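Below: one structure, written as structure tokens.
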Amino acid sequence: MEIRSFLAFELPAEIKGVVSRVSEELKKSPLDVRRVKTENIHLTVVFLGNVPEEHISPVGEAAEEVCQRYSPFNVSLKGAGVFGSKKRPRVLWIGLEGDMDRMSCFRDDLQKGLAIFGIKQEKRRFRPHLTLGRFRKDSRADARLDEFLSSNGDLTSPVCPVGELFLFRSDLNPGGAVYSKMKSWPLTGEHYGFTQK
């Protein structure tokens, strides 16, 4: 059996509160967007895809090894935007700032450690973000999207630490994805940058 899964951080309460407020604003807007439930919004680091059940335990050991080298990351919210073009938007997101360069190294180290399990490595630069919703097919942008983005362009939150990586299972149901936690590892390292030997 294969388990669809991903590695992610849960949002600290102060950040989740701001995300929830913006999500409610999106719900009331006329934008043609399928909202992600607030409880399903995570800071995803690596999407693993379908992992054979017998690989879950060794995948966890590889992730734990990387977590033991890194200290927690400080993050805060920064603005909102879209993936895709303004005319043909695909995804509506909230941006993040803070220890992004260090988190990018963390993502790369995780990918290196997981490569032996055949997990596809993302080559693009790591752009941590929170997905608020996905535009329905053939959605076209208009003034309402500009209005939403400009009202959330200066979005901020308190700076919060994230210090525990979770392995989530994702089950696709008719009502949408259901996520459940399988394992977690605290970030217990001392250093702040590249892989230590």
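FYI, nothing fancy with the structure tokens labels: chains A, B, ... in order, residues from 1 per chain, ligands from 1 as they appear.
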
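If you count only C-alpha atoms and ignore residues fewer than 3 places along the chain from segment 27-36 of chain A, what sits within 9 Å of it is Val22, Ser23, Glu24, Glu39, Asn40, Ile41, Val91, Leu92, Thr131, Leu132, Gly133, Arg134, Phe135, Arg136, Ser139, Arg140, Ala141, Arg144, Leu145, Phe148 and Gly176 of chain A.
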
Discussion item. As a count of residues only, please: every residue in segment 63-133 of chain A that a backbone DSSP assignment puts in strand (DSSP E).
Written reply: 27

Discussion item. Quick check for you: according to DSSP on this backbone, which residues of segment 13-181 of chain A are classed as helix (DSSP H, G or I)? Reply as a ChimeraX atom specification.
Written reply: /A:13-28,38-40,53-67,100-117,143-151

Worksheet item: Quick one: residues within 12 Å of Met182 of chain A, only C-alpha atoms counted, chain neighbours fewer than 4 positions away excluded, as a ChimeraX atom specification?
Response: /A:3-8,53,56-57,59-60,165-170

Worksheet item: Any idea what's packed within 7 Å of Glu190 of chain A, counting only C-alpha atoms, ignoring anything in its chain fewer than 2 positions away? Could you give it as a VMD selection string?
Response: chain A and resid 69 to 71 188 192

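The gap separating atom CA of Met103 of chain A from atom CA of Lys120 of chain A is 18.6 Å, in Å to one decimal.
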
Item to complete: Compile the contact shell of Phe126 of chain A as a PyMOL selection string: residues with an atom at most 9 Å away, counting only C-alpha atoms, same-chain residues fewer than 3 positions apart removed.
Response: chain A and resi 45+100-101+103-105+107-108+122-123

Worksheet entry | Shell of 8 Å around Gly79 of chain A, only C-alpha atoms, local chain residues under 2 positions omitted, as a list in words | Leu77, Gly81, Ile94, Gly95, Leu96, Asn152, Gly153, Asp154, Leu155 and Thr156 of chain A

Practice prompt. Considering only C-alpha atoms, return as a list of chain:residue names whatever protein or nucleic-acid residues lie within 9 Å of Ala63 of chain A, sequence-local ones (same chain, fewer than 4 positions apart) excluded.
Written response: A:Leu7, A:Pro58, A:Val59, A:Cys67, A:Gln68, A:Leu110, A:Gly113, A:Leu114, A:Leu165, A:Trp185

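Considering only C-alpha atoms, the residue among A:Arg21, A:Lys86, A:Lys112, A:Arg127 positioned nearest to Asp99 of chain A is A:Arg127.
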
Discussion item. From the options A:Val178, A:Phe117, A:Pro89, A:Ser20, which residue's atoms come nearest to His55 of chain A, counting only C-alpha atoms?
Written reply: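 So, comparing all the options, the nearest one is A:Phe117.
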
Worksheet item: Which residue out of A:Pro128, A:Ala80, A:Val159, A:Pro174 has the minimum interatomic distance to Asp146 of chain A when only C-alpha atoms are used?
Response: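 Going through A:Pro128, A:Ala80, A:Val159, A:Pro174 one by one, the smallest distance to Asp146 of chain A is for A:Ala80.
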
Discussion item. Calculated over only C-alpha atoms, which of the candidates A:Leu26, A:Glu65, A:Leu43, A:Glu14 has the smallest distance to Pro186 of chain A?
Written reply: A:Glu65

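One finds atom CA of Lys78 of chain A at 10.3 Å from atom CA of Trp93 of chain A.
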